[in-house]
Every structure is written in structure tokens, then in C-alpha cells.
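Containing mmCIF, N, CA and C atoms and all ligand atoms: start_4.cif.
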```cif
data_coords
#
loop_
_atom_site.label_atom_id
_atom_site.label_comp_id
_atom_site.auth_asym_id
_atom_site.auth_seq_id
_atom_site.Cartn_x
_atom_site.Cartn_y
_atom_site.Cartn_z
N MET A 118 106.89 134.38 71.51
CA MET A 118 107.08 135.83 71.40
C MET A 118 108.19 136.30 72.33
N LEU A 119 108.12 135.92 73.62
CA LEU A 119 109.12 136.38 74.58
C LEU A 119 110.51 135.87 74.21
N LYS A 120 110.58 134.60 73.81
CA LYS A 120 111.88 134.03 73.47
C LYS A 120 112.55 134.84 72.35
N GLU A 121 111.81 135.17 71.35
CA GLU A 121 112.38 135.96 70.25
C GLU A 121 112.84 137.33 70.74
N LEU A 122 112.05 137.92 71.64
CA LEU A 122 112.43 139.24 72.15
C LEU A 122 113.67 139.16 73.05
N VAL A 123 113.76 138.09 73.86
CA VAL A 123 114.93 137.93 74.72
C VAL A 123 116.18 137.75 73.85
N VAL A 124 116.07 136.91 72.84
CA VAL A 124 117.21 136.69 71.93
C VAL A 124 117.60 138.02 71.27
N ALA A 125 116.61 138.76 70.83
CA ALA A 125 116.89 140.05 70.19
C ALA A 125 117.49 141.04 71.19
N HIS A 126 117.00 140.99 72.44
CA HIS A 126 117.53 141.89 73.48
C HIS A 126 119.01 141.64 73.70
N TYR A 127 119.39 140.37 73.87
CA TYR A 127 120.79 140.06 74.12
C TYR A 127 121.66 140.33 72.89
N ALA A 128 121.06 140.31 71.75
CA ALA A 128 121.80 140.65 70.53
C ALA A 128 121.81 142.17 70.31
N GLY A 129 121.14 142.90 71.23
CA GLY A 129 121.07 144.35 71.08
C GLY A 129 120.28 144.75 69.85
N ASP A 130 119.28 143.95 69.56
CA ASP A 130 118.61 144.10 68.28
C ASP A 130 117.09 144.15 68.40
N ILE A 131 116.60 144.76 69.47
CA ILE A 131 115.14 144.89 69.57
C ILE A 131 114.72 146.11 68.77
N PRO A 132 113.84 145.91 67.85
CA PRO A 132 113.39 147.07 67.08
C PRO A 132 112.73 148.10 67.99
N GLU A 133 112.91 149.35 67.70
CA GLU A 133 112.39 150.44 68.54
C GLU A 133 110.91 150.24 68.85
N GLY A 134 110.16 149.81 67.89
CA GLY A 134 108.72 149.64 68.09
C GLY A 134 108.34 148.47 68.98
N LYS A 135 109.29 147.61 69.32
CA LYS A 135 108.98 146.45 70.15
C LYS A 135 109.57 146.53 71.55
N LYS A 136 110.28 147.62 71.87
CA LYS A 136 110.91 147.73 73.19
C LYS A 136 109.88 147.76 74.33
N LYS A 137 108.80 148.48 74.13
CA LYS A 137 107.77 148.57 75.16
C LYS A 137 107.13 147.20 75.38
N LYS A 138 106.87 146.51 74.29
CA LYS A 138 106.30 145.16 74.37
C LYS A 138 107.27 144.22 75.08
N PHE A 139 108.54 144.34 74.78
CA PHE A 139 109.55 143.51 75.43
C PHE A 139 109.54 143.74 76.95
N ARG A 140 109.55 145.00 77.36
CA ARG A 140 109.55 145.30 78.80
C ARG A 140 108.29 144.73 79.48
N ALA A 141 107.16 144.85 78.82
CA ALA A 141 105.91 144.33 79.40
C ALA A 141 105.96 142.80 79.49
N GLU A 142 106.44 142.16 78.46
CA GLU A 142 106.53 140.69 78.48
C GLU A 142 107.54 140.23 79.52
N LEU A 143 108.65 140.93 79.61
CA LEU A 143 109.67 140.57 80.59
C LEU A 143 109.14 140.73 82.01
N ALA A 144 108.36 141.78 82.26
CA ALA A 144 107.78 142.00 83.60
C ALA A 144 106.84 140.85 83.95
N LYS A 145 106.05 140.39 83.01
CA LYS A 145 105.14 139.26 83.26
C LYS A 145 105.94 137.99 83.55
N PHE A 146 106.94 137.76 82.75
CA PHE A 146 107.77 136.58 82.91
C PHE A 146 108.48 136.60 84.27
N THR A 147 108.99 137.76 84.65
CA THR A 147 109.67 137.91 85.93
C THR A 147 108.70 137.68 87.09
N ALA A 148 107.48 138.17 86.95
CA ALA A 148 106.48 137.98 88.00
C ALA A 148 106.18 136.50 88.20
N VAL A 149 106.09 135.77 87.12
CA VAL A 149 105.83 134.33 87.22
C VAL A 149 106.99 133.64 87.95
N ILE A 150 108.21 133.97 87.56
CA ILE A 150 109.37 133.34 88.19
C ILE A 150 109.45 133.71 89.66
N ASN A 151 109.26 134.98 89.99
CA ASN A 151 109.31 135.41 91.40
C ASN A 151 108.23 134.72 92.22
N THR A 152 107.03 134.67 91.69
CA THR A 152 105.91 134.08 92.42
C THR A 152 106.14 132.58 92.64
N GLU A 153 106.56 131.90 91.59
CA GLU A 153 106.78 130.46 91.72
C GLU A 153 107.96 130.14 92.64
N SER A 154 109.02 130.94 92.57
CA SER A 154 110.18 130.73 93.44
C SER A 154 109.79 130.89 94.91
N GLN A 155 109.05 131.97 95.18
CA GLN A 155 108.65 132.25 96.56
C GLN A 155 107.77 131.12 97.07
N GLN A 156 106.86 130.62 96.23
CA GLN A 156 105.97 129.54 96.66
C GLN A 156 106.78 128.28 96.95
N ALA A 157 107.74 127.97 96.09
CA ALA A 157 108.55 126.77 96.28
C ALA A 157 109.41 126.88 97.53
N ILE A 158 110.01 128.04 97.76
CA ILE A 158 110.85 128.23 98.95
C ILE A 158 110.02 128.08 100.22
N ASN A 159 108.88 128.76 100.25
CA ASN A 159 108.06 128.70 101.46
C ASN A 159 107.47 127.32 101.69
N THR A 160 107.08 126.64 100.64
CA THR A 160 106.55 125.28 100.79
C THR A 160 107.65 124.35 101.28
N GLY A 161 108.85 124.52 100.73
CA GLY A 161 109.99 123.72 101.20
C GLY A 161 110.27 123.95 102.68
N ARG A 162 110.20 125.21 103.08
CA ARG A 162 110.41 125.52 104.50
C ARG A 162 109.31 124.91 105.37
N GLU A 163 108.08 125.00 104.89
CA GLU A 163 106.98 124.42 105.66
C GLU A 163 107.22 122.93 105.89
N LEU A 164 107.60 122.23 104.83
CA LEU A 164 107.83 120.78 104.95
C LEU A 164 108.98 120.49 105.92
N GLU A 165 110.04 121.26 105.80
CA GLU A 165 111.20 121.07 106.67
C GLU A 165 110.84 121.39 108.13
N TYR A 166 110.16 122.51 108.33
CA TYR A 166 109.79 122.90 109.69
C TYR A 166 108.83 121.88 110.30
N HIS A 167 107.90 121.42 109.50
CA HIS A 167 106.93 120.45 110.01
C HIS A 167 107.63 119.15 110.42
N ALA A 168 108.61 118.74 109.62
CA ALA A 168 109.36 117.52 109.95
C ALA A 168 110.17 117.70 111.23
N ARG A 169 110.72 118.89 111.42
CA ARG A 169 111.54 119.15 112.62
C ARG A 169 110.70 119.44 113.85
N ASP A 170 109.46 119.81 113.63
CA ASP A 170 108.63 120.29 114.74
C ASP A 170 107.25 119.63 114.71
N PRO A 171 107.22 118.30 114.80
CA PRO A 171 105.91 117.62 114.70
C PRO A 171 104.98 117.95 115.86
N LEU A 172 105.51 118.41 116.97
CA LEU A 172 104.67 118.71 118.13
C LEU A 172 104.30 120.19 118.22
N ASN A 173 104.64 120.96 117.19
CA ASN A 173 104.28 122.39 117.16
C ASN A 173 104.85 123.19 118.33
N ARG A 174 106.09 122.93 118.65
CA ARG A 174 106.72 123.67 119.75
C ARG A 174 107.35 124.98 119.28
N TYR A 175 107.74 125.03 118.01
CA TYR A 175 108.39 126.23 117.50
C TYR A 175 107.35 127.28 117.13
N ARG A 176 107.83 128.48 116.95
CA ARG A 176 106.97 129.57 116.51
C ARG A 176 107.53 130.17 115.24
N TYR A 177 106.65 130.83 114.48
CA TYR A 177 106.99 131.29 113.14
C TYR A 177 106.52 132.71 112.92
N THR A 178 107.13 133.33 111.93
CA THR A 178 106.73 134.70 111.61
C THR A 178 106.77 134.88 110.09
N TRP A 179 106.26 136.01 109.63
CA TRP A 179 106.23 136.33 108.21
C TRP A 179 107.28 137.40 107.95
N GLY A 180 108.34 137.01 107.28
CA GLY A 180 109.44 137.93 107.03
C GLY A 180 109.17 138.81 105.82
N ILE A 181 109.04 140.11 106.07
CA ILE A 181 108.77 141.03 104.96
C ILE A 181 109.89 142.05 104.84
N ARG A 182 110.05 142.58 103.65
CA ARG A 182 110.95 143.71 103.42
C ARG A 182 110.09 144.96 103.41
N ARG A 183 110.43 145.89 104.25
CA ARG A 183 109.65 147.13 104.30
C ARG A 183 110.31 148.18 103.41
N ASP A 184 109.70 148.40 102.27
CA ASP A 184 110.18 149.44 101.35
C ASP A 184 109.00 149.90 100.50
N HIS A 185 109.28 150.64 99.45
CA HIS A 185 108.20 151.18 98.62
C HIS A 185 107.43 150.10 97.87
N ARG A 186 107.96 148.88 97.83
CA ARG A 186 107.26 147.78 97.14
C ARG A 186 106.47 146.89 98.08
N THR A 187 106.55 147.15 99.36
CA THR A 187 105.82 146.31 100.32
C THR A 187 104.32 146.44 100.08
N THR A 188 103.65 145.31 99.98
CA THR A 188 102.22 145.34 99.68
C THR A 188 101.40 145.45 100.97
N PRO A 189 100.16 145.95 100.85
CA PRO A 189 99.29 145.99 102.03
C PRO A 189 99.02 144.59 102.60
N GLN A 190 98.99 143.58 101.72
CA GLN A 190 98.76 142.22 102.19
C GLN A 190 99.88 141.79 103.15
N CYS A 191 101.11 141.95 102.71
CA CYS A 191 102.22 141.48 103.54
C CYS A 191 102.38 142.33 104.80
N LEU A 192 102.10 143.63 104.69
CA LEU A 192 102.12 144.47 105.89
C LEU A 192 101.09 143.98 106.90
N GLU A 193 99.89 143.68 106.41
CA GLU A 193 98.83 143.23 107.32
C GLU A 193 99.15 141.87 107.94
N ILE A 194 99.71 140.97 107.15
CA ILE A 194 100.10 139.66 107.70
C ILE A 194 101.10 139.86 108.82
N ALA A 195 102.11 140.69 108.57
CA ALA A 195 103.13 140.95 109.59
C ALA A 195 102.52 141.60 110.83
N GLN A 196 101.58 142.52 110.62
CA GLN A 196 100.93 143.18 111.76
C GLN A 196 100.10 142.20 112.57
N ARG A 197 99.38 141.34 111.88
CA ARG A 197 98.55 140.36 112.60
C ARG A 197 99.41 139.38 113.40
N VAL A 198 100.52 138.97 112.81
CA VAL A 198 101.44 138.09 113.54
C VAL A 198 101.96 138.82 114.78
N GLU A 199 102.31 140.08 114.60
CA GLU A 199 102.83 140.88 115.72
C GLU A 199 101.78 140.99 116.84
N GLU A 200 100.53 141.25 116.45
CA GLU A 200 99.45 141.36 117.44
C GLU A 200 99.27 140.05 118.20
N GLU A 201 99.29 138.94 117.47
CA GLU A 201 99.10 137.65 118.14
C GLU A 201 100.29 137.29 119.03
N LYS A 202 101.47 137.68 118.60
CA LYS A 202 102.66 137.45 119.43
C LYS A 202 102.50 138.16 120.76
N GLN A 203 102.09 139.42 120.70
CA GLN A 203 101.94 140.20 121.93
C GLN A 203 100.81 139.65 122.79
N LEU A 204 99.70 139.31 122.15
CA LEU A 204 98.56 138.77 122.88
C LEU A 204 98.92 137.48 123.61
N ASN A 205 99.66 136.62 122.92
CA ASN A 205 100.01 135.31 123.49
C ASN A 205 101.33 135.31 124.23
N ARG A 206 101.99 136.48 124.24
CA ARG A 206 103.31 136.62 124.88
C ARG A 206 104.27 135.54 124.39
N GLU A 207 104.32 135.44 123.04
CA GLU A 207 105.24 134.50 122.41
C GLU A 207 106.04 135.23 121.34
N LYS A 208 107.06 134.55 120.82
CA LYS A 208 107.93 135.19 119.84
C LYS A 208 107.45 135.00 118.40
N GLY A 209 106.38 134.27 118.22
CA GLY A 209 105.82 134.03 116.89
C GLY A 209 104.49 133.32 117.05
N VAL A 210 103.99 132.79 115.95
CA VAL A 210 102.73 132.04 116.00
C VAL A 210 103.00 130.61 115.52
N ARG A 211 102.03 129.74 115.77
CA ARG A 211 102.17 128.36 115.30
C ARG A 211 102.16 128.34 113.78
N LEU A 212 102.77 127.32 113.21
CA LEU A 212 102.87 127.21 111.75
C LEU A 212 101.49 127.19 111.09
N ASP A 213 100.57 126.40 111.65
CA ASP A 213 99.24 126.32 111.05
C ASP A 213 98.50 127.65 111.18
N ARG A 214 98.76 128.38 112.27
CA ARG A 214 98.12 129.68 112.44
C ARG A 214 98.65 130.69 111.42
N LEU A 215 99.95 130.69 111.21
CA LEU A 215 100.53 131.60 110.21
C LEU A 215 99.97 131.29 108.81
N LYS A 216 99.87 130.01 108.53
CA LYS A 216 99.35 129.60 107.22
C LYS A 216 97.94 130.14 107.01
N SER A 217 97.11 130.07 108.05
CA SER A 217 95.74 130.57 107.87
C SER A 217 95.68 132.10 107.84
N ILE A 218 96.57 132.78 108.54
CA ILE A 218 96.60 134.25 108.46
C ILE A 218 96.95 134.67 107.04
N VAL A 219 97.96 134.04 106.45
CA VAL A 219 98.38 134.40 105.09
C VAL A 219 97.21 134.22 104.12
N ARG A 220 96.53 133.11 104.26
CA ARG A 220 95.39 132.84 103.39
C ARG A 220 94.25 133.85 103.59
N GLU A 221 93.90 134.10 104.85
CA GLU A 221 92.80 135.03 105.15
C GLU A 221 93.07 136.41 104.57
N VAL A 222 94.29 136.89 104.78
CA VAL A 222 94.62 138.25 104.32
C VAL A 222 94.62 138.30 102.79
N ALA A 223 95.19 137.29 102.15
CA ALA A 223 95.23 137.28 100.68
C ALA A 223 93.82 137.36 100.10
N LEU A 224 92.92 136.55 100.63
CA LEU A 224 91.56 136.50 100.08
C LEU A 224 90.72 137.70 100.51
N LYS A 225 91.11 138.34 101.62
CA LYS A 225 90.43 139.58 102.02
C LYS A 225 90.69 140.67 100.98
N TYR A 226 91.93 140.77 100.53
CA TYR A 226 92.27 141.81 99.55
C TYR A 226 91.77 141.49 98.15
N ASP A 227 91.71 140.20 97.83
CA ASP A 227 91.24 139.82 96.49
C ASP A 227 90.57 138.45 96.56
N PRO A 228 89.25 138.45 96.78
CA PRO A 228 88.52 137.18 96.92
C PRO A 228 88.64 136.28 95.69
N ASP A 229 88.95 136.86 94.54
CA ASP A 229 89.06 136.06 93.32
C ASP A 229 90.49 135.60 93.03
N TYR A 230 91.41 135.99 93.89
CA TYR A 230 92.81 135.61 93.69
C TYR A 230 92.93 134.08 93.79
N PRO A 231 93.60 133.45 92.84
CA PRO A 231 93.73 131.98 92.88
C PRO A 231 94.77 131.56 93.92
N TYR A 232 94.36 131.61 95.16
CA TYR A 232 95.29 131.42 96.28
C TYR A 232 95.93 130.03 96.29
N ARG A 233 97.22 130.02 96.57
CA ARG A 233 97.96 128.79 96.88
C ARG A 233 98.70 129.07 98.17
N ASP A 234 98.93 128.06 98.97
CA ASP A 234 99.58 128.26 100.26
C ASP A 234 100.86 129.08 100.12
N TRP A 235 101.01 130.02 101.03
CA TRP A 235 102.21 130.86 101.17
C TRP A 235 102.42 131.87 100.07
N VAL A 236 101.43 132.09 99.22
CA VAL A 236 101.56 133.10 98.16
C VAL A 236 100.39 134.08 98.30
N PRO A 237 100.54 135.12 99.13
CA PRO A 237 99.41 136.03 99.36
C PRO A 237 99.10 136.95 98.18
N HIS A 238 100.03 137.08 97.25
CA HIS A 238 99.79 137.90 96.06
C HIS A 238 100.91 137.59 95.06
N TYR A 239 100.72 138.01 93.83
CA TYR A 239 101.75 137.83 92.81
C TYR A 239 102.98 138.65 93.18
N ASN A 240 104.13 138.16 92.81
CA ASN A 240 105.39 138.87 93.00
C ASN A 240 105.75 139.06 94.47
N CYS A 241 105.24 138.20 95.34
CA CYS A 241 105.52 138.35 96.76
C CYS A 241 106.99 138.03 97.04
N ARG A 242 107.58 138.82 97.94
CA ARG A 242 108.98 138.62 98.31
C ARG A 242 109.11 138.13 99.75
N SER A 243 107.98 137.95 100.42
CA SER A 243 108.01 137.61 101.84
C SER A 243 108.22 136.12 102.04
N SER A 244 108.62 135.79 103.27
CA SER A 244 108.91 134.38 103.50
C SER A 244 108.53 133.92 104.90
N LEU A 245 108.23 132.64 104.94
CA LEU A 245 107.97 131.95 106.19
C LEU A 245 109.30 131.81 106.94
N ARG A 246 109.30 132.18 108.20
CA ARG A 246 110.54 132.07 108.98
C ARG A 246 110.27 131.47 110.35
N ARG A 247 111.18 130.64 110.77
CA ARG A 247 111.07 130.09 112.11
C ARG A 247 111.73 131.05 113.09
N VAL A 248 111.10 131.22 114.22
CA VAL A 248 111.66 132.07 115.26
C VAL A 248 112.55 131.22 116.14
N VAL A 249 113.73 131.71 116.42
CA VAL A 249 114.61 130.99 117.32
C VAL A 249 114.15 131.30 118.74
N LEU A 250 113.76 130.25 119.45
CA LEU A 250 113.23 130.46 120.82
C LEU A 250 114.36 130.48 121.84
ZN ZN A 301 104.19 139.87 99.73
#
```

In C-alpha cells, how does this file's structure come out?
Amino acid sequence: MLKELVVAHYAGDIPEGKKKKFRAELAKFTAVINTESQQAINTGRELEYHARDPLNRYRYTWGIRRDHRTTPQCLEIAQRVEEEKQLNREKGVRLDRLKSIVREVALKYDPDYPYRDWVPHYNCRSSLRRVVL
């Protein structure tokens, strides 16, 4: 269904009655791509950071964009990281600690959400970041 609509869209040939359906299908498709991309990027970073930092000397943070699309989940993750940074007088948190904060917050907001590491919600734009010490 989506493929036919995309082909029709690029041909400028979506029938008037199918434009709403096209936008809805495209939004779903985009959400899948955004969610999967974010998960792959963050997982790649985790693997790279873990390889570079086997002794857990580095610190990490949750990079969010603050705008009208910022979710309560990502705001809370960023706030919790900030609180722990201040409490521990450090510039970030340990990688394993950040991983568990992301998971805890995601499941707090939606216990039925099919959580995967580093994806606190669908369409997430936030990212795992290493803090330069
Ligand atoms: Zn997010």
C-alpha cells in the first residue's frame, strides 16, 4: 500500500481521496525509520564507548533537543542525569547507569512499551553522548 502511494506521490498522482491515508502511512513509515536509526546509532556508540572505556572512566549524558517535540521521557532522563551529575560532582554518569535510567524512565511512562536499549519511546531524537572530561 505505502509503496503504491509513494510512487503516486512522486508522480504527483495521489487521488484526492487517498491523500490523508498517504500522510498517515508516511508518518508511520517515518516513525519506524527514525526509531530504528536512533537505536542503531546509540547502540553503535555504546559498543564504541565500551571498547574505548573498558574501565568505566568516562562519563556520559543524554543529548536531547529542547523544543515543542521534546517528550516528557527524554526531559526526565536528562533531568535525572543532571541530578546525578550534581550529586556525584561529575560531568556525567557511568554508561551502565545511563542505560538503566533510560530504561527506567521509558517503562515508567509506558509499562507496556516494548523497550529496547537506548529507545525510550518511538520517534526518539535523543542520543547517548560521551562527556569530554
Ligand atoms: Zn526521546

Restrict the calculation to only C-alpha atoms and all ligand atoms, then for each residue of chain A with any atom at most 10 Å from an atom of ligand ZN 301 (chain A) give the closest atom pair and their distance in Å to one decimal, rows by chain and rising residue number, as JSON lines.
```
{"residue": "A:Thr152", "atom": "CA", "partner": "A:ZN301", "partner_atom": "ZN", "distance": 9.5}
{"residue": "A:Gln155", "atom": "CA", "partner": "A:ZN301", "partner_atom": "ZN", "distance": 9.4}
{"residue": "A:Trp179", "atom": "CA", "partner": "A:ZN301", "partner_atom": "ZN", "distance": 9.4}
{"residue": "A:Gly180", "atom": "CA", "partner": "A:ZN301", "partner_atom": "ZN", "distance": 9.2}
{"residue": "A:Ile181", "atom": "CA", "partner": "A:ZN301", "partner_atom": "ZN", "distance": 7.0}
{"residue": "A:Arg182", "atom": "CA", "partner": "A:ZN301", "partner_atom": "ZN", "distance": 8.6}
{"residue": "A:Arg186", "atom": "CA", "partner": "A:ZN301", "partner_atom": "ZN", "distance": 8.9}
{"residue": "A:Thr187", "atom": "CA", "partner": "A:ZN301", "partner_atom": "ZN", "distance": 6.7}
{"residue": "A:Thr188", "atom": "CA", "partner": "A:ZN301", "partner_atom": "ZN", "distance": 5.8}
{"residue": "A:Pro189", "atom": "CA", "partner": "A:ZN301", "partner_atom": "ZN", "distance": 8.2}
{"residue": "A:Gln190", "atom": "CA", "partner": "A:ZN301", "partner_atom": "ZN", "distance": 6.4}
{"residue": "A:Cys191", "atom": "CA", "partner": "A:ZN301", "partner_atom": "ZN", "distance": 4.6}
{"residue": "A:Leu192", "atom": "CA", "partner": "A:ZN301", "partner_atom": "ZN", "distance": 8.0}
{"residue": "A:Glu193", "atom": "CA", "partner": "A:ZN301", "partner_atom": "ZN", "distance": 9.9}
{"residue": "A:Ile194", "atom": "CA", "partner": "A:ZN301", "partner_atom": "ZN", "distance": 9.0}
{"residue": "A:Ala195", "atom": "CA", "partner": "A:ZN301", "partner_atom": "ZN", "distance": 10.0}
{"residue": "A:Val219", "atom": "CA", "partner": "A:ZN301", "partner_atom": "ZN", "distance": 9.6}
{"residue": "A:Ala223", "atom": "CA", "partner": "A:ZN301", "partner_atom": "ZN", "distance": 9.4}
{"residue": "A:Trp235", "atom": "CA", "partner": "A:ZN301", "partner_atom": "ZN", "distance": 9.3}
{"residue": "A:Val236", "atom": "CA", "partner": "A:ZN301", "partner_atom": "ZN", "distance": 7.4}
{"residue": "A:Pro237", "atom": "CA", "partner": "A:ZN301", "partner_atom": "ZN", "distance": 6.1}
{"residue": "A:His238", "atom": "CA", "partner": "A:ZN301", "partner_atom": "ZN", "distance": 6.1}
{"residue": "A:Tyr239", "atom": "CA", "partner": "A:ZN301", "partner_atom": "ZN", "distance": 7.6}
{"residue": "A:Asn240", "atom": "CA", "partner": "A:ZN301", "partner_atom": "ZN", "distance": 6.9}
{"residue": "A:Cys241", "atom": "CA", "partner": "A:ZN301", "partner_atom": "ZN", "distance": 3.6}
{"residue": "A:Arg242", "atom": "CA", "partner": "A:ZN301", "partner_atom": "ZN", "distance": 5.2}
{"residue": "A:Ser243", "atom": "CA", "partner": "A:ZN301", "partner_atom": "ZN", "distance": 4.9}
{"residue": "A:Ser244", "atom": "CA", "partner": "A:ZN301", "partner_atom": "ZN", "distance": 8.2}
```

Exercise for the section: Once DSSP has gone over the backbone, tell me which residues of region 119-230 of chain A are in strand (DSSP E), as a PyMOL selection string. Expected result: chain A and resi 176-180

Store the residues of this selection in a file with N, CA and C atoms, as a PDB file, keeping the file's coordinate frame.
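Listed below is the output, again_23.pdb:
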```pdb
ATOM      1  N   ARG A 176     107.830 128.480 116.950  1.00  0.00           N
ATOM      2  CA  ARG A 176     106.970 129.570 116.510  1.00  0.00           C
ATOM      3  C   ARG A 176     107.530 130.170 115.240  1.00  0.00           C
ATOM      4  N   TYR A 177     106.650 130.830 114.480  1.00  0.00           N
ATOM      5  CA  TYR A 177     106.990 131.290 113.140  1.00  0.00           C
ATOM      6  C   TYR A 177     106.520 132.710 112.920  1.00  0.00           C
ATOM      7  N   THR A 178     107.130 133.330 111.930  1.00  0.00           N
ATOM      8  CA  THR A 178     106.730 134.700 111.610  1.00  0.00           C
ATOM      9  C   THR A 178     106.770 134.880 110.090  1.00  0.00           C
ATOM     10  N   TRP A 179     106.260 136.010 109.630  1.00  0.00           N
ATOM     11  CA  TRP A 179     106.230 136.330 108.210  1.00  0.00           C
ATOM     12  C   TRP A 179     107.280 137.400 107.950  1.00  0.00           C
ATOM     13  N   GLY A 180     108.340 137.010 107.280  1.00  0.00           N
ATOM     14  CA  GLY A 180     109.440 137.930 107.030  1.00  0.00           C
ATOM     15  C   GLY A 180     109.170 138.810 105.820  1.00  0.00           C
TER      16      GLY A 180
END
```

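We find atom N of Thr160 (chain A) and CA of Ala141 (chain A) to be spaced 27.7 Å apart.
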
Practice task
Take atom C of Leu250 (chain A) and atom C of Ile218 (chain A) and report the distance between them in Å, one decimal.
Solution key: 23.2 Å

Padding 6 Å on every side, please: axis-aligned box over the listed atoms of region 221-228 of chain A, centre and edge lengths to one decimal in Å, as lines of an AutoDock Vina configuration file.
```
center_x = 91.9
center_y = 138.0
center_z = 100.4
size_x = 18.7
size_y = 19.7
size_z = 21.5
```
